$ cat data-v9.txt   # compact mmCIF, C-alpha atoms and all ligand atoms
# COMPACT_ATOMS: atom_id res chain seq x y z
CA MET A 1 98.61 82.92 130.32
CA TYR A 2 100.69 85.95 129.39
CA ALA A 3 101.63 87.32 126.01
CA ILE A 4 103.18 90.24 124.16
CA ALA A 5 103.00 91.54 120.60
CA ILE A 6 105.16 94.19 119.00
CA HIS A 7 105.27 96.11 115.74
CA GLY A 8 108.00 98.00 113.92
CA GLY A 9 105.66 99.87 111.63
CA ALA A 10 103.25 99.26 108.79
CA GLY A 11 104.03 100.07 105.22
CA ALA A 12 107.25 98.08 105.25
CA VAL A 13 109.70 98.04 102.41
CA PRO A 14 108.24 96.66 99.15
CA ARG A 15 108.96 92.95 99.21
CA ALA A 16 110.90 92.98 95.97
CA THR A 17 113.32 95.63 97.22
CA LEU A 18 114.08 94.31 100.71
CA ALA A 19 117.69 93.16 100.62
CA PRO A 20 118.44 90.03 102.70
CA GLU A 21 120.85 91.98 104.86
CA ARG A 22 118.21 94.62 105.67
CA GLU A 23 115.67 91.93 106.37
CA ARG A 24 118.07 90.26 108.80
CA SER A 25 118.57 93.55 110.61
CA TYR A 26 114.81 94.18 110.94
CA ARG A 27 114.23 90.64 112.14
CA ALA A 28 117.06 90.83 114.67
CA GLY A 29 115.64 94.10 116.01
CA LEU A 30 112.17 92.64 116.32
CA GLU A 31 113.46 89.49 117.98
CA SER A 32 115.46 91.27 120.62
CA ALA A 33 112.55 93.59 121.49
CA LEU A 34 110.06 90.72 121.55
CA ASP A 35 112.26 88.56 123.76
CA GLY A 36 113.20 91.51 125.97
CA GLY A 37 109.55 92.31 126.62
CA PHE A 38 108.61 88.67 127.03
CA ALA A 39 111.40 88.12 129.57
CA VAL A 40 109.77 90.76 131.78
CA LEU A 41 106.48 88.83 131.72
CA GLU A 42 108.29 85.55 132.31
CA ARG A 43 109.86 86.97 135.46
CA GLY A 44 106.38 87.86 136.71
CA GLY A 45 106.68 91.51 135.68
CA THR A 46 103.76 93.69 134.66
CA SER A 47 102.50 94.26 131.15
CA LEU A 48 103.40 97.92 131.65
CA ASP A 49 107.07 97.06 132.22
CA ALA A 50 107.00 94.61 129.32
CA VAL A 51 105.70 97.10 126.73
CA ALA A 52 108.04 99.85 127.98
CA THR A 53 111.01 97.48 127.68
CA ALA A 54 110.11 96.28 124.18
CA VAL A 55 109.54 99.81 122.88
CA ARG A 56 112.75 101.12 124.41
CA LEU A 57 114.70 98.37 122.63
CA LEU A 58 113.05 99.28 119.32
CA GLU A 59 113.77 102.99 119.91
CA ASP A 60 117.45 102.14 120.28
CA HIS A 61 117.54 100.12 117.06
CA PRO A 62 118.44 102.29 114.04
CA ALA A 63 116.27 100.40 111.53
CA PHE A 64 113.00 101.55 113.08
CA ASN A 65 111.36 104.94 112.93
CA ALA A 66 111.55 105.82 116.62
CA GLY A 67 114.36 107.12 118.81
CA HIS A 68 117.70 106.53 117.06
CA GLY A 69 116.78 106.19 113.37
CA ALA A 70 113.62 108.31 113.52
CA ALA A 71 112.11 109.84 110.39
CA LEU A 72 113.06 113.48 109.84
CA THR A 73 111.02 116.64 109.47
CA ARG A 74 111.35 118.68 106.32
CA ASP A 75 114.00 120.73 108.16
CA GLY A 76 116.08 117.60 108.73
CA ALA A 77 115.44 117.34 112.48
CA ALA A 78 113.96 114.50 114.49
CA GLU A 79 110.78 115.28 116.44
CA LEU A 80 109.58 112.37 118.49
CA ASP A 81 106.18 111.31 119.80
CA ALA A 82 105.41 108.53 122.29
CA ALA A 83 102.64 107.28 124.56
CA ILE A 84 102.04 104.58 127.12
CA MET A 85 98.83 103.42 128.74
CA ASP A 86 98.21 101.16 131.71
CA GLY A 87 94.93 99.28 131.38
CA ARG A 88 94.57 98.82 135.14
CA GLN A 89 93.24 102.29 135.90
CA MET A 90 93.43 103.61 132.36
CA ARG A 91 96.28 105.87 133.35
CA ALA A 92 98.24 107.29 130.44
CA GLY A 93 101.27 109.44 129.66
CA ALA A 94 102.48 110.89 126.39
CA VAL A 95 105.00 113.30 124.88
CA ALA A 96 105.07 114.93 121.47
CA SER A 97 107.57 116.87 119.39
CA VAL A 98 110.52 116.21 121.70
CA ARG A 99 113.94 116.68 120.15
CA HIS A 100 116.45 115.69 122.80
CA VAL A 101 115.03 112.81 124.83
CA LYS A 102 116.90 109.61 124.01
CA ASN A 103 114.01 107.31 124.89
CA PRO A 104 110.71 109.16 124.54
CA ILE A 105 108.76 106.15 125.85
CA GLU A 106 110.47 106.52 129.21
CA LEU A 107 109.52 110.17 129.37
CA ALA A 108 105.92 109.30 128.45
CA ARG A 109 105.88 106.85 131.33
CA ARG A 110 107.31 109.46 133.68
CA VAL A 111 104.57 111.90 132.60
CA MET A 112 102.04 109.24 133.58
CA GLU A 113 103.67 108.42 136.89
CA LYS A 114 105.08 111.72 138.08
CA SER A 115 103.03 114.57 136.62
CA ARG A 116 99.41 115.64 136.89
CA HIS A 117 99.12 115.59 133.12
CA VAL A 118 98.69 113.15 130.28
CA LEU A 119 100.40 114.85 127.34
CA LEU A 120 103.39 117.19 127.37
CA VAL A 121 104.85 118.66 124.17
CA GLY A 122 108.05 120.26 122.94
CA ALA A 123 109.98 122.55 125.28
CA GLY A 124 107.63 121.86 128.20
CA ALA A 125 108.17 118.12 127.87
CA GLU A 126 111.94 118.61 127.78
CA GLU A 127 111.87 120.91 130.79
CA PHE A 128 110.06 118.12 132.63
CA ALA A 129 112.68 115.65 131.37
CA LEU A 130 115.43 117.84 132.83
CA GLU A 131 113.65 118.12 136.17
CA GLU A 132 113.35 114.34 136.21
CA GLN A 133 117.07 114.01 135.50
CA PHE A 134 116.69 112.48 132.07
CA VAL A 135 119.88 112.65 130.05
CA LEU A 136 119.26 114.77 126.95
CA VAL A 137 121.07 114.08 123.69
CA PRO A 138 121.79 116.32 120.70
CA ASN A 139 119.19 115.99 117.95
CA GLN A 140 121.91 114.56 115.76
CA TYR A 141 121.86 111.37 117.84
CA PHE A 142 118.56 110.37 116.20
CA ARG A 143 119.59 111.08 112.61
CA THR A 144 120.90 108.20 110.52
CA ALA A 145 122.34 108.37 106.99
CA GLU A 146 119.44 106.30 105.75
CA ARG A 147 116.78 108.66 107.11
CA LEU A 148 118.61 111.63 105.65
CA GLU A 149 118.65 109.88 102.29
CA GLN A 150 114.93 109.15 102.58
CA LEU A 151 114.22 112.78 103.35
CA GLU A 152 116.33 113.99 100.46
CA SER A 153 114.70 111.62 98.02
CA GLU A 154 111.25 112.73 99.13
CA GLN A 155 112.25 116.35 98.83
CA ARG A 156 113.72 115.83 95.37
CA GLY A 157 110.79 113.90 94.05
CA GLU A 158 107.21 112.93 94.10
CA ARG A 159 106.38 113.27 97.75
CA VAL A 160 107.11 116.85 98.71
CA SER A 161 103.49 117.65 99.47
CA ASP A 162 102.19 117.64 103.05
CA LEU A 163 99.26 115.63 101.82
CA VAL A 164 100.94 112.58 100.37
CA PRO A 165 101.97 109.76 102.71
CA PRO A 166 105.38 108.13 102.47
CA SER A 167 105.53 104.49 101.49
CA VAL A 168 107.92 103.48 104.24
CA GLN A 169 106.82 104.05 107.80
CA GLY A 170 108.18 102.21 110.79
CA THR A 171 106.74 103.48 114.05
CA VAL A 172 107.18 101.01 116.91
CA GLY A 173 104.75 99.70 119.49
CA ALA A 174 103.91 96.92 121.91
CA VAL A 175 100.87 95.51 123.67
CA ALA A 176 100.92 92.95 126.44
CA CYS A 177 98.80 90.96 128.86
CA ASP A 178 100.57 89.82 132.04
CA ALA A 179 99.88 86.78 134.21
CA SER A 180 97.37 88.81 136.26
CA GLY A 181 95.43 89.78 133.12
CA ASN A 182 96.56 93.40 133.17
CA LEU A 183 96.78 95.07 129.76
CA ALA A 184 99.16 97.79 128.57
CA ALA A 185 100.07 99.49 125.31
CA ALA A 186 103.00 101.67 124.21
CA THR A 187 103.86 103.40 120.93
CA SER A 188 106.82 105.54 119.84
CA THR A 189 107.62 107.26 116.56
CA GLY A 190 109.53 109.88 114.63
CA GLY A 191 106.31 110.43 112.67
CA MET A 192 106.33 110.82 108.92
CA THR A 193 109.32 111.67 106.75
CA ASN A 194 109.27 115.26 105.50
CA LYS A 195 106.58 116.23 107.99
CA ARG A 196 106.08 119.86 108.86
CA PRO A 197 107.86 120.81 112.10
CA GLY A 198 105.29 120.73 114.90
CA ARG A 199 103.21 118.04 113.26
CA VAL A 200 101.95 115.48 115.79
CA GLY A 201 100.72 112.07 114.66
CA ASP A 202 98.39 109.54 116.21
CA SER A 203 100.96 107.68 118.33
CA PRO A 204 100.92 110.03 121.37
CA ILE A 205 97.19 110.74 121.10
CA ILE A 206 95.44 108.49 123.60
CA GLY A 207 92.64 106.66 121.82
CA ALA A 208 94.10 107.26 118.36
CA GLY A 209 97.42 105.39 118.21
CA THR A 210 97.55 103.97 121.72
CA TYR A 211 94.92 102.65 124.13
CA ALA A 212 94.51 100.08 126.90
CA LYS A 213 91.65 99.12 129.14
CA ASN A 214 91.69 96.09 131.43
CA GLY A 215 89.03 93.53 130.66
CA VAL A 216 88.77 94.77 127.08
CA CYS A 217 91.94 95.21 125.03
CA ALA A 218 95.20 97.07 124.44
CA VAL A 219 96.06 98.55 121.05
CA SER A 220 99.09 100.13 119.37
CA ALA A 221 98.69 101.48 115.85
CA THR A 222 100.94 102.41 112.97
CA GLY A 223 100.18 104.03 109.66
CA HIS A 224 99.13 107.36 108.25
CA GLY A 225 98.50 109.09 111.56
CA GLU A 226 96.10 111.78 110.42
CA TYR A 227 93.54 109.11 109.52
CA PHE A 228 94.05 107.22 112.77
CA ILE A 229 93.41 110.43 114.71
CA ARG A 230 90.24 111.17 112.76
CA ALA A 231 88.96 107.61 113.28
CA VAL A 232 90.04 107.58 116.96
CA ALA A 233 91.36 104.23 115.86
CA ALA A 234 92.67 102.46 118.97
CA HIS A 235 89.66 103.49 121.03
CA HIS A 236 87.31 102.45 118.25
CA VAL A 237 88.66 98.91 118.42
CA CYS A 238 88.26 98.71 122.21
CA ALA A 239 84.79 100.27 122.13
CA ALA A 240 83.61 97.86 119.43
CA VAL A 241 84.78 94.94 121.58
CA GLU A 242 83.33 96.31 124.81
CA TYR A 243 79.99 97.71 123.71
CA ARG A 244 79.13 95.95 120.47
CA LYS A 245 80.61 92.64 121.54
CA LEU A 246 82.64 92.25 118.37
CA THR A 247 85.54 89.83 118.56
CA LEU A 248 88.94 91.50 118.56
CA GLU A 249 89.48 90.26 114.98
CA GLN A 250 86.18 91.74 113.83
CA ALA A 251 86.85 95.07 115.51
CA VAL A 252 90.32 95.37 114.01
CA HIS A 253 89.06 94.33 110.60
CA GLU A 254 86.27 96.89 110.67
CA LEU A 255 88.64 99.68 111.67
CA LEU A 256 91.30 98.97 109.05
CA HIS A 257 89.27 97.68 106.14
CA VAL A 258 86.00 99.55 106.48
CA ILE A 259 86.43 102.78 108.43
CA LEU A 260 89.97 103.76 107.46
CA ARG A 261 89.53 102.52 103.91
CA LYS A 262 86.52 104.79 103.49
CA LEU A 263 88.59 107.73 104.70
CA GLY A 264 91.46 106.77 102.39
CA GLY A 265 93.99 105.92 105.12
CA ASP A 266 96.07 102.81 105.55
CA GLY A 267 98.27 101.20 108.18
CA GLY A 268 98.10 98.44 110.72
CA LEU A 269 97.77 97.67 114.38
CA ILE A 270 98.46 95.12 117.04
CA ALA A 271 95.92 94.32 119.74
CA ILE A 272 95.61 91.95 122.66
CA ASP A 273 92.65 91.09 124.85
CA HIS A 274 92.32 90.07 128.50
CA ALA A 275 92.66 86.39 127.58
CA GLY A 276 95.99 87.11 125.87
CA ARG A 277 94.58 86.68 122.34
CA ILE A 278 96.62 88.63 119.82
CA VAL A 279 95.55 90.23 116.55
CA MET A 280 98.14 91.74 114.17
CA GLU A 281 96.56 93.12 111.02
CA PHE A 282 97.38 95.69 108.32
CA SER A 283 96.09 97.19 105.10
CA THR A 284 99.55 98.00 103.76
CA GLU A 285 101.96 95.69 101.94
CA GLY A 286 103.46 94.58 105.20
CA MET A 287 103.94 95.32 108.88
CA PHE A 288 107.04 94.47 110.89
CA ARG A 289 105.64 92.47 113.77
CA GLY A 290 106.16 89.76 116.34
CA ALA A 291 104.20 87.87 118.97
CA ARG A 292 105.14 85.61 121.83
CA GLU A 293 102.88 83.76 124.26
CA SER A 294 103.38 81.72 127.42
CA THR A 295 101.91 78.78 125.49
CA GLY A 296 105.16 78.66 123.50
CA ARG A 297 104.09 80.42 120.30
CA ARG A 298 106.76 82.75 118.94
CA GLU A 299 106.35 84.50 115.61
CA ILE A 300 108.18 87.20 113.69
CA ALA A 301 106.81 88.36 110.34
CA ILE A 302 107.01 91.20 107.85
CA TYR A 303 104.59 90.42 105.01
N1 LIG B 401 101.52 106.65 112.77
C1 LIG B 401 102.75 107.37 112.68
C2 LIG B 401 102.47 108.83 112.52
O1 LIG B 401 101.59 109.19 111.75
C3 LIG B 401 103.60 106.95 111.54
C4 LIG B 401 103.83 105.47 111.38
O2 LIG B 401 103.12 104.67 111.95
O3 LIG B 401 104.76 105.10 110.69
O4 LIG B 401 103.12 109.62 113.14
$ encode --input "data-v9.txt" --output "structure tokens" --more "lines below"
Ligand code: ASP
Amino acid sequence: MYAIAIHGGAGAVPRATLAPERERSYRAGLESALDGGFAVLERGGTSLDAVATAVRLLEDHPAFNAGHGAALTRDGAAELDAAIMDGRQMRAGAVASVRHVKNPIELARRVMEKSRHVLLVGAGAEEFALEEQFVLVPNQYFRTAERLEQLESEQRGERVSDLVPPSVQGTVGAVACDASGNLAAATSTGGMTNKRPGRVGDSPIIGAGTYAKNGVCAVSATGHGEYFIRAVAAHHVCAAVEYRKLTLEQAVHELLHVILRKLGGDGGLIAIDHAGRIVMEFSTEGMFRGARESTGRREIAIY
């Protein structure tokens, strides 16, 4: 049994306003990432390779808030966060506030594999990227007309405050269980539209937006990151499964609908356990998501 689940962010576009053409683009992006990641598992690859592949494909797709098409800071720049975790030895790598790395998830993986550290930020992360011969791109590469429009509309209107979350998110992530039962999780994001430069969300914080532990579960979250950090969301789910013997469904439900609700935060997450069982759940209107299992199940959904 092997399986993978992906998300393209919680929040989604209000159902009534999602044009068919946009919906097709989101679905096509999700499908290609899901199938790309699944193909790795099918070939006997590791869950780590599968989640890295799926997230890289989503980073390259302009519809999602990660890599090309990332949400913009209030200064109009893209600042990207990403993390990856290998459930085998609970090794992890993450980067935050990078502005020139085309695929932040690959740099996060390199941090895990080639540095003595877990999290590198900003200029230090990009120095490491240069040493590792990553090709850097101008910040402009990430900026799409749509994200600029979103930023401008937020700045013109109701959501100029640092404290108010945007309605459209779109972080990307993947979790997988390979044929050997190894778990892995990966998450990548441009963060929140109109964020303050230097703001870091939950995605690159191990235990908040991303977590994986063999024998327990792997989690990738999306939503209003400040709340996920305060709830140590991804780790909470794994700990509830491991120590309180909750089912994965129960643990995810408690996190989203009890703990985060009490704090006033919303979002969603995808999780997978060592048996390849997948949970995809959200407290927002929708969450771009997909799942595929060696049993033949293949699902793409938004609402
Ligand atoms: N969780 C991300 C952040 O706060 C945003 C999102 O999921 O859309 O940076």
$ residues_near_ligand --input "data-v9.txt" --ligand "ligand LIG 401 (chain B)" --cutoff "9 Å" --atoms "all atoms listed in the file" --output "number ranges by chain"
A: 8-11, 65, 71, 80-81, 166, 168-172, 188-193, 199-204, 209, 221-229, 267-268
$ write_last_selection --input "data-v9.txt" --atoms "C-alpha atoms" --output "JSON list (two decimals), in the frame of the given file"
[["chain", "number", "residue", "atom", "x", "y", "z"],
["A", 8, "GLY", "CA", 108.00, 98.00, 113.92],
["A", 9, "GLY", "CA", 105.66, 99.87, 111.63],
["A", 10, "ALA", "CA", 103.25, 99.26, 108.79],
["A", 11, "GLY", "CA", 104.03, 100.07, 105.22],
["A", 65, "ASN", "CA", 111.36, 104.94, 112.93],
["A", 71, "ALA", "CA", 112.11, 109.84, 110.39],
["A", 80, "LEU", "CA", 109.58, 112.37, 118.49],
["A", 81, "ASP", "CA", 106.18, 111.31, 119.80],
["A", 166, "PRO", "CA", 105.38, 108.13, 102.47],
["A", 168, "VAL", "CA", 107.92, 103.48, 104.24],
["A", 169, "GLN", "CA", 106.82, 104.05, 107.80],
["A", 170, "GLY", "CA", 108.18, 102.21, 110.79],
["A", 171, "THR", "CA", 106.74, 103.48, 114.05],
["A", 172, "VAL", "CA", 107.18, 101.01, 116.91],
["A", 188, "SER", "CA", 106.82, 105.54, 119.84],
["A", 189, "THR", "CA", 107.62, 107.26, 116.56],
["A", 190, "GLY", "CA", 109.53, 109.88, 114.63],
["A", 191, "GLY", "CA", 106.31, 110.43, 112.67],
["A", 192, "MET", "CA", 106.33, 110.82, 108.92],
["A", 193, "THR", "CA", 109.32, 111.67, 106.75],
["A", 199, "ARG", "CA", 103.21, 118.04, 113.26],
["A", 200, "VAL", "CA", 101.95, 115.48, 115.79],
["A", 201, "GLY", "CA", 100.72, 112.07, 114.66],
["A", 202, "ASP", "CA", 98.39, 109.54, 116.21],
["A", 203, "SER", "CA", 100.96, 107.68, 118.33],
["A", 204, "PRO", "CA", 100.92, 110.03, 121.37],
["A", 209, "GLY", "CA", 97.42, 105.39, 118.21],
["A", 221, "ALA", "CA", 98.69, 101.48, 115.85],
["A", 222, "THR", "CA", 100.94, 102.41, 112.97],
["A", 223, "GLY", "CA", 100.18, 104.03, 109.66],
["A", 224, "HIS", "CA", 99.13, 107.36, 108.25],
["A", 225, "GLY", "CA", 98.50, 109.09, 111.56],
["A", 226, "GLU", "CA", 96.10, 111.78, 110.42],
["A", 227, "TYR", "CA", 93.54, 109.11, 109.52],
["A", 228, "PHE", "CA", 94.05, 107.22, 112.77],
["A", 229, "ILE", "CA", 93.41, 110.43, 114.71],
["A", 267, "GLY", "CA", 98.27, 101.20, 108.18],
["A", 268, "GLY", "CA", 98.10, 98.44, 110.72]]
$ closest_residue --input "data-v9.txt" --among "A:Val216, A:Asn194, A:Val279, A:Glu59" --to "Gly29 in chain A" --atoms "all atoms listed in the file"
A:Glu59
$ closest_residue --input "data-v9.txt" --among "A:Arg244, A:His7, A:His61, A:His274" --to "Ser25 in chain A" --atoms "all atoms listed in the file"
A:His61
$ closest_residue --input "data-v9.txt" --among "A:Leu148, A:Ile4, A:Ala125, A:Pro197" --to "Gly36 in chain A" --atoms "all atoms listed in the file"
A:Ile4
$ closest_residue --input "data-v9.txt" --among "A:Glu126, A:Asp35, A:Asp86, A:Asp266" --to "Arg109 in chain A" --atoms "only C-alpha atoms"
A:Asp86
$ closest_residue --input "data-v9.txt" --among "A:Asp60, A:Glu149, A:Glu42, A:Glu154" --to "Leu30 in chain A" --atoms "only C-alpha atoms"
A:Asp60
